[in-house]
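J.: Got a structure for you, protein.cif, holding mmCIF, C-alpha atoms and all ligand atoms.
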data_protein
loop_
_atom_site.label_atom_id
_atom_site.label_comp_id
_atom_site.auth_asym_id
_atom_site.auth_seq_id
_atom_site.Cartn_x
_atom_site.Cartn_y
_atom_site.Cartn_z
CA MET F 12 0.00 0.00 0.00
CA THR F 13 1.17 3.52 -0.73
CA CYS F 14 1.82 5.63 2.36
CA LEU F 15 2.72 8.94 0.74
CA ALA F 16 2.49 10.17 -2.83
CA LEU F 17 3.63 13.48 -4.30
CA HIS F 18 2.18 14.38 -7.68
CA GLU F 19 3.97 17.08 -9.69
CA VAL F 20 4.59 19.24 -6.64
CA CYS F 21 5.95 22.72 -7.40
CA LEU F 22 7.02 25.46 -5.02
CA SER F 23 8.49 28.80 -6.06
CA PHE F 24 10.13 31.47 -3.93
CA GLY F 25 9.78 34.58 -6.07
CA GLY F 26 11.42 33.58 -9.34
CA LEU F 27 13.17 30.54 -7.90
CA ARG F 28 11.65 27.11 -8.55
CA ALA F 29 12.81 25.42 -5.35
CA VAL F 30 10.68 22.35 -6.09
CA ASP F 31 9.92 21.63 -9.73
CA ARG F 32 7.22 19.09 -10.62
CA VAL F 33 8.41 16.49 -8.14
CA SER F 34 6.54 13.18 -8.05
CA PHE F 35 7.39 10.11 -6.02
CA SER F 36 5.63 7.66 -3.78
CA ILE F 37 6.59 5.69 -0.71
CA GLU F 38 5.34 2.24 0.17
CA THR F 39 4.09 1.63 3.70
CA GLY F 40 6.91 0.30 5.88
CA ALA F 41 9.68 1.50 3.56
CA ILE F 42 12.71 3.58 4.40
CA HIS F 43 12.90 5.97 1.45
CA GLY F 44 15.83 8.32 0.85
CA LEU F 45 15.67 11.81 -0.63
CA ILE F 46 19.10 12.99 -1.68
CA GLY F 47 20.71 15.67 -3.82
CA PRO F 48 23.31 18.42 -3.67
CA ASN F 49 22.94 21.41 -1.34
CA GLY F 50 20.05 23.62 -2.38
CA ALA F 51 18.41 20.84 -4.40
CA GLY F 52 15.07 21.37 -2.65
CA LYS F 53 15.04 18.50 -0.16
CA THR F 54 14.10 20.49 2.94
CA THR F 55 11.54 22.42 0.90
CA VAL F 56 9.90 19.12 -0.09
CA PHE F 57 9.70 18.27 3.63
CA ASN F 58 8.16 21.66 4.32
CA CYS F 59 5.53 21.02 1.64
CA ILE F 60 4.67 17.57 3.01
CA THR F 61 4.37 18.85 6.58
CA GLY F 62 2.32 21.93 5.63
CA PHE F 63 4.95 24.56 6.52
CA TYR F 64 4.75 25.64 2.88
CA ARG F 65 1.81 25.31 0.58
CA PRO F 66 2.81 23.95 -2.84
CA THR F 67 2.32 26.40 -5.69
CA SER F 68 0.79 23.49 -7.60
CA GLY F 69 0.61 19.73 -7.46
CA ALA F 70 -0.86 17.38 -4.89
CA ILE F 71 0.26 15.40 -1.87
CA ARG F 72 -1.64 12.33 -0.70
CA PHE F 73 -1.06 10.61 2.62
CA ARG F 74 -2.71 7.22 3.11
CA GLU F 75 -5.19 7.85 0.30
CA ARG F 76 -6.12 11.28 1.61
CA ASP F 77 -5.35 14.60 -0.09
CA ILE F 78 -3.36 16.66 2.44
CA THR F 79 -2.29 19.45 0.06
CA GLY F 80 -2.71 22.82 1.75
CA LEU F 81 -3.61 21.51 5.22
CA ARG F 82 -2.04 23.27 8.23
CA PRO F 83 1.03 21.76 9.94
CA ASP F 84 -0.97 20.82 13.06
CA GLN F 85 -3.65 19.09 10.96
CA ILE F 86 -1.02 17.13 9.07
CA ALA F 87 0.76 16.20 12.31
CA ARG F 88 -2.51 14.87 13.74
CA LEU F 89 -3.00 12.67 10.70
CA GLY F 90 0.24 10.93 11.64
CA ILE F 91 3.22 12.68 10.05
CA ALA F 92 6.05 13.73 12.39
CA ARG F 93 9.41 15.23 11.54
CA THR F 94 12.82 16.21 12.84
CA PHE F 95 14.64 19.31 11.64
CA GLN F 96 17.92 19.81 9.83
CA ASN F 97 19.12 21.96 12.73
CA VAL F 98 18.35 20.69 16.23
CA GLN F 99 15.35 22.60 17.60
CA LEU F 100 15.00 21.94 21.32
CA PHE F 101 14.11 24.10 24.32
CA ARG F 102 17.62 24.13 25.75
CA SER F 103 16.76 25.01 29.34
CA LEU F 104 13.88 22.52 29.61
CA SER F 105 14.65 18.95 30.65
CA ALA F 106 14.83 16.29 27.96
CA LEU F 107 11.57 14.86 29.27
CA ASP F 108 9.76 18.20 29.26
CA ASN F 109 10.81 18.81 25.66
CA VAL F 110 8.93 15.67 24.74
CA LEU F 111 5.92 16.33 27.00
CA VAL F 112 5.46 19.88 25.69
CA ALA F 113 5.37 18.59 22.13
CA LYS F 114 3.05 15.74 23.07
CA HIS F 115 0.60 18.01 24.88
CA SER F 116 0.44 20.62 22.18
CA HIS F 117 -0.28 17.77 19.78
CA MET F 118 -3.22 16.46 21.81
CA ARG F 119 -6.68 17.93 21.83
CA THR F 120 -7.17 18.20 25.58
CA GLY F 121 -6.98 21.85 26.59
CA VAL F 122 -5.55 23.50 29.69
CA PHE F 123 -9.11 23.92 30.95
CA ALA F 124 -9.80 20.19 31.11
CA GLU F 125 -6.37 19.52 32.59
CA GLY F 126 -7.00 22.09 35.32
CA LEU F 127 -10.12 20.17 36.31
CA THR F 128 -8.14 16.91 36.59
CA LEU F 129 -11.10 14.97 35.30
CA PRO F 130 -10.68 11.19 35.47
CA PHE F 131 -10.37 10.89 31.71
CA VAL F 132 -7.64 13.53 31.74
CA ARG F 133 -5.73 11.67 34.42
CA ARG F 134 -6.10 8.44 32.49
CA GLN F 135 -4.94 10.15 29.32
CA GLU F 136 -2.01 11.68 31.19
CA ARG F 137 -0.94 8.25 32.40
CA GLN F 138 -1.11 6.93 28.85
CA VAL F 139 1.02 9.85 27.66
CA ARG F 140 3.68 9.16 30.29
CA ASP F 141 3.69 5.45 29.48
CA LYS F 142 4.18 6.19 25.81
CA VAL F 143 6.93 8.73 26.45
CA ASP F 144 8.69 6.37 28.88
CA GLU F 145 8.54 3.58 26.33
CA VAL F 146 10.06 5.69 23.57
CA MET F 147 12.71 7.21 25.86
CA ALA F 148 13.73 3.73 26.96
CA PHE F 149 13.80 2.36 23.41
CA LEU F 150 16.14 5.16 22.37
CA GLY F 151 18.30 4.78 25.48
CA LEU F 152 17.62 8.21 26.98
CA THR F 153 15.86 7.24 30.21
CA ASP F 154 18.93 8.03 32.37
CA ILE F 155 19.33 11.56 31.07
CA GLN F 156 15.66 12.58 30.83
CA ARG F 157 15.87 15.02 33.78
CA GLN F 158 18.86 16.91 32.37
CA PRO F 159 18.44 20.21 30.54
CA ALA F 160 18.35 19.42 26.83
CA GLY F 161 21.01 22.07 26.14
CA ASN F 162 23.52 20.24 28.36
CA LEU F 163 23.29 16.97 26.46
CA PRO F 164 25.95 15.85 24.00
CA PHE F 165 25.01 16.61 20.41
CA GLY F 166 24.30 12.96 19.58
CA SER F 167 21.83 12.72 22.47
CA GLN F 168 20.14 15.96 21.40
CA LYS F 169 19.55 14.48 17.95
CA ARG F 170 18.21 11.32 19.55
CA LEU F 171 15.93 13.41 21.76
CA GLU F 172 14.47 15.03 18.65
CA LEU F 173 13.71 11.55 17.44
CA VAL F 174 12.01 10.68 20.73
CA ARG F 175 9.94 13.84 20.49
CA ALA F 176 8.78 12.94 16.99
CA LEU F 177 8.05 9.31 17.92
CA ALA F 178 6.09 10.29 21.02
CA LEU F 179 3.49 11.79 18.68
CA GLU F 180 2.85 8.24 17.45
CA PRO F 181 3.25 8.97 13.76
CA THR F 182 2.87 6.45 10.98
CA LEU F 183 5.19 8.46 8.72
CA LEU F 184 8.43 9.92 10.05
CA LEU F 185 10.41 12.54 8.10
CA LEU F 186 14.05 12.94 9.11
CA ASP F 187 16.06 15.88 7.76
CA GLU F 188 19.75 14.96 7.87
CA PRO F 189 19.56 12.76 10.98
CA ALA F 190 23.26 11.79 10.76
CA SER F 191 24.69 15.28 10.23
CA GLY F 192 27.25 16.14 12.90
CA LEU F 193 27.50 12.57 14.13
CA ASN F 194 30.79 10.65 14.07
CA VAL F 195 31.30 7.38 12.22
CA SER F 196 30.29 5.08 15.07
CA GLU F 197 27.31 7.23 16.05
CA THR F 198 26.16 7.18 12.42
CA ARG F 199 26.44 3.41 12.29
CA ALA F 200 24.47 3.14 15.54
CA LEU F 201 21.81 5.48 14.14
CA ALA F 202 21.34 3.27 11.08
CA GLU F 203 20.73 0.25 13.32
CA LEU F 204 18.45 2.28 15.54
CA LEU F 205 16.29 3.54 12.67
CA LEU F 206 15.76 0.01 11.38
CA ALA F 207 14.75 -1.08 14.88
CA VAL F 208 12.51 1.97 15.36
CA ARG F 209 10.79 1.36 12.04
CA ASP F 210 9.99 -2.23 13.03
CA ARG F 211 9.01 -1.51 16.64
CA PHE F 212 6.73 1.45 15.92
CA LYS F 213 5.51 0.19 12.52
CA LEU F 214 6.67 3.27 10.67
CA THR F 215 7.33 4.43 7.18
CA ILE F 216 10.41 6.67 7.04
CA LEU F 217 11.43 9.34 4.54
CA LEU F 218 14.89 10.70 5.16
CA VAL F 219 17.15 13.34 3.72
CA GLU F 220 20.82 12.67 4.31
CA HIS F 221 24.20 13.69 3.00
CA ASP F 222 26.07 10.65 4.28
CA MET F 223 25.86 8.40 1.24
CA GLY F 224 27.04 5.26 3.01
CA PHE F 225 24.23 5.72 5.50
CA VAL F 226 21.59 6.28 2.82
CA MET F 227 22.76 3.39 0.69
CA ASN F 228 22.74 1.03 3.66
CA ILE F 229 19.27 1.63 5.01
CA CYS F 230 17.12 2.93 2.16
CA GLY F 231 15.26 0.53 -0.12
CA THR F 232 14.46 3.25 -2.65
CA ILE F 233 16.09 6.62 -3.24
CA THR F 234 14.79 9.70 -5.03
CA VAL F 235 17.42 12.15 -6.26
CA LEU F 236 16.76 15.87 -6.68
CA ASN F 237 18.85 18.52 -8.38
CA PHE F 238 17.83 22.16 -8.88
CA GLY F 239 14.37 21.32 -7.55
CA GLY F 240 13.65 18.55 -10.06
CA LYS F 241 13.79 14.79 -9.83
CA ILE F 242 16.76 13.42 -11.78
CA ALA F 243 16.78 9.77 -10.73
CA GLU F 244 15.01 7.19 -8.63
CA GLY F 245 15.58 3.55 -7.79
CA THR F 246 17.46 1.17 -5.57
CA PRO F 247 20.76 2.37 -4.09
CA ARG F 248 22.64 0.49 -6.80
CA GLU F 249 20.55 1.94 -9.62
CA VAL F 250 20.93 5.47 -8.32
CA GLN F 251 24.64 5.02 -7.76
CA ASN F 252 25.12 4.00 -11.38
CA SER F 253 23.03 6.80 -12.83
CA PRO F 254 25.16 9.17 -14.96
CA GLU F 255 22.75 12.01 -14.07
CA VAL F 256 23.43 11.50 -10.40
CA VAL F 257 27.19 11.27 -10.78
CA LYS F 258 27.12 14.49 -12.82
CA ALA F 259 24.97 16.28 -10.23
CA TYR F 260 27.39 15.39 -7.49
CA LEU F 261 30.56 16.44 -9.33
CA GLY F 262 32.11 19.22 -7.34
CA GLU F 263 30.32 18.20 -4.15
CA ALA F 264 32.47 17.07 -1.28
CA VAL F 265 30.79 13.68 -1.17
CA SER F 266 31.18 10.59 -3.27
CA VAL F 267 28.26 8.46 -4.34
CA GLY F 268 29.55 5.16 -3.05
CA THR F 269 28.70 2.58 -0.44
CA THR F 270 31.02 2.53 2.54
N1 LIG M 1 12.14 30.39 2.76
C1 LIG M 1 12.86 30.50 1.63
N2 LIG M 1 12.86 31.66 0.90
C2 LIG M 1 13.55 31.75 -0.25
N3 LIG M 1 14.30 30.78 -0.77
C3 LIG M 1 14.35 29.60 -0.09
C4 LIG M 1 13.64 29.41 1.14
N4 LIG M 1 13.87 28.15 1.58
C5 LIG M 1 14.68 27.59 0.67
N5 LIG M 1 14.98 28.45 -0.33
C6 LIG M 1 15.79 28.17 -1.52
O1 LIG M 1 15.24 27.03 -2.14
C7 LIG M 1 16.26 26.18 -2.63
C8 LIG M 1 16.12 24.82 -2.01
O2 LIG M 1 16.46 24.91 -0.62
P1 LIG M 1 16.39 23.67 0.36
O3 LIG M 1 15.10 22.98 0.18
O4 LIG M 1 16.71 24.16 1.72
O5 LIG M 1 17.58 22.74 -0.19
P2 LIG M 1 18.24 21.44 0.42
O6 LIG M 1 17.52 21.06 1.67
O7 LIG M 1 18.15 20.42 -0.67
O8 LIG M 1 19.69 21.79 0.69
C9 LIG M 1 17.58 26.88 -2.32
O9 LIG M 1 17.98 27.59 -3.47
C10 LIG M 1 17.23 27.78 -1.18
O10 LIG M 1 18.08 28.90 -1.15
MG MG M 2 18.12 20.92 3.61
#
Would you mind writing the structure in this file as structure tokens?

T.:
Amino acid sequence: MTCLALHEVCLSFGGLRAVDRVSFSIETGAIHGLIGPNGAGKTTVFNCITGFYRPTSGAIRFRERDITGLRPDQIARLGIARTFQNVQLFRSLSALDNVLVAKHSHMRTGVFAEGLTLPFVRRQERQVRDKVDEVMAFLGLTDIQRQPAGNLPFGSQKRLELVRALALEPTLLLLDEPASGLNVSETRALAELLLAVRDRFKLTILLVEHDMGFVMNICGTITVLNFGGKIAEGTPREVQNSPEVVKAYLGEAVSVGTT
């Protein structure tokens, strides 16, 4: 079954076509890669899917439903969560509170009902904590959950962003450069972790990443963008052997090869 499908999505900033008639689809349960040189339009595609930008034209369907033009909070509630290219945490809040704040703003219960501590609110609150505890534990952050997020090592901050996204119980997870800034062993661990997370939480994952070894190892299918347009798509091997892709990456400080 198709989880997400983009149909000829375009987005312009003034005269610049940041996303140019991009179409691709992702099967449920897949880990799909979106790659391309800097400025290719990858983050902008994420911003279109998550409702931060409204496509100039084209359509986006999520689980058979047209989500084009919906607000970010509506799209999040349908089950799409994301992490950002640059870590976006409340640095002085504890790791746990970063997750709880996101979880609460995602839920429908208002401050009014919480203030009344109605039984259903208390029950819901317990369910929230159970879910957050489960995700924290699965990602190995239980021991540091009381520490201010800003004091955590960079790798743990990135993992915390992942916890925050997973706590929203998405079915589709969008990761914008999850391995950037991580060292070789952290990157390897992240690859293992994402495979485990996908299986445990029954997710579909779309990820943007510059580390080609990482992408080639965990993605079943890869879509390649350049100057806003799609230039190739296929298995890691197919994409790696595409002359278009090799040409697009000439002059970039990365090589298109499996490590
Ligand atoms: N908010 C914006 N306003 C104007 N131009 C933007 C904006 N966001 C991105 N762009 C431009 O759109 C193009 C694609 O950017 P982006 O999606 O961030 O690329 P990538 O994530 O592939 O590196 C770039 O030329 C970038 O400068
Ligand atoms: Mg980007």

J.: Which residues sit within 12 Å of ligand MG 2 (chain M), counting all atoms listed in the file, listed as a VMD selection string?

T.: chain F and resid 29 45 to 58 94 to 97 186 to 189 191 218 to 221 236 239

J.: Between atom CA of F:Gly69 and atom CA of F:Met118, what distance in Å does the model show, to one decimal?

T.: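 Rounded to one decimal, the two atoms are 29.7 Å apart.
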
J.: Let me make sure I understand: among F:Thr215, F:Gln168, F:Arg133, F:Gly240, which one has the smallest atom-to-atom distance to ligand LIG 1 (chain M) if we use only C-alpha atoms and all ligand atoms?

T.: F:Gly240

J.: Using all atoms listed in the file, tabulate the residues of stretch 90-178 of chain F lying at most 9 Å from any atom of stretch 200-212 of chain F, each with its closest atom pair and that distance in Å to one decimal, by chain and increasing residue number, as JSON lines.

T.:
{"residue": "F:Phe149", "atom": "CA", "partner": "F:Val208", "partner_atom": "CA", "distance": 8.2}
{"residue": "F:Leu150", "atom": "CA", "partner": "F:Leu204", "partner_atom": "CA", "distance": 7.8}
{"residue": "F:Arg170", "atom": "CA", "partner": "F:Leu201", "partner_atom": "CA", "distance": 8.7}
{"residue": "F:Leu177", "atom": "CA", "partner": "F:Phe212", "partner_atom": "CA", "distance": 8.2}

J.: Measuring atom to atom with all atoms listed in the file, identify which of F:Ile216, F:Leu27, F:Leu183, F:Val195 is nearest to ligand LIG 1 (chain M).

T.: F:Leu27

J.: For stretch 105-109 of chain F, find every residue with an atom within 12 Å (counting only C-alpha atoms), except residues of its own chain fewer than 3 positions away, and show them as number ranges by chain.

T.: F: 99-102, 112-116, 139-140, 142-144, 146-148, 152-164, 167-176, 178

J.: Which residue out of F:Phe225, F:Ala87, F:Glu244, F:Phe238 has the minimum interatomic distance to F:Asp31 when only C-alpha atoms are used?

T.: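 Among the listed residues, the smallest separation from F:Asp31 belongs to F:Phe238.
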
J.: What's around stretch 74-81 of chain F at 7 Å? Count only C-alpha atoms, leave out sequence neighbours fewer than 2 positions away in its own chain, and write the answer as a ChimeraX atom specification.

T.: /F:13-15,62,65,70-72,83,85-86

J.: Can you measure atom N4 of ligand LIG 1 (chain M) to atom CA of F:Leu17 for me? One decimal in Å is fine.

T.: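 It comes out at 18.8 Å.
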
J.: Counting all atoms listed in the file, figure out which residue out of F:Ala16, F:Leu217, F:Ala190, F:Val235 gets nearest to ligand LIG 1 (chain M).

T.: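 Nearest to ligand LIG 1 (chain M): F:Val235.
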
J.: Near F:Ser34, counting only C-alpha atoms, which residues have an atom at most 7 Å away, once you skip same-chain residues fewer than 6 positions from it, shown as a compact mmCIF listing (two decimals) with C-alpha atoms, in the frame of the given file?

T.:
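Contents of the output file selection_12.txt:
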# COMPACT_ATOMS: atom_id res chain seq x y z
CA LEU F 17 3.63 13.48 -4.30
CA HIS F 18 2.18 14.38 -7.68
CA GLU F 19 3.97 17.08 -9.69
CA VAL F 20 4.59 19.24 -6.64

J.: Counting only C-alpha atoms, which residues come within 10 Å of (21.2, 6.0, 0.7), with the point read in the file's coordinates, and could you list them as a PyMOL selection string?

T.: chain F and resi 42-46+218-234+246-248+250-251+267-269

J.: Can you measure atom C3 of ligand LIG 1 (chain M) to atom CA of F:Arg28 for me? One decimal in Å is fine.

T.: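 Separation between atom C3 of ligand LIG 1 (chain M) and atom CA of F:Arg28: 9.2 Å.
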
J.: Considering all atoms listed in the file, state which residue in the set F:Ile91, F:Val30, F:Leu111, F:Leu193 is at the smallest distance from ligand LIG 1 (chain M).

T.: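 For ligand LIG 1 (chain M), the nearest of the given residues is F:Val30.
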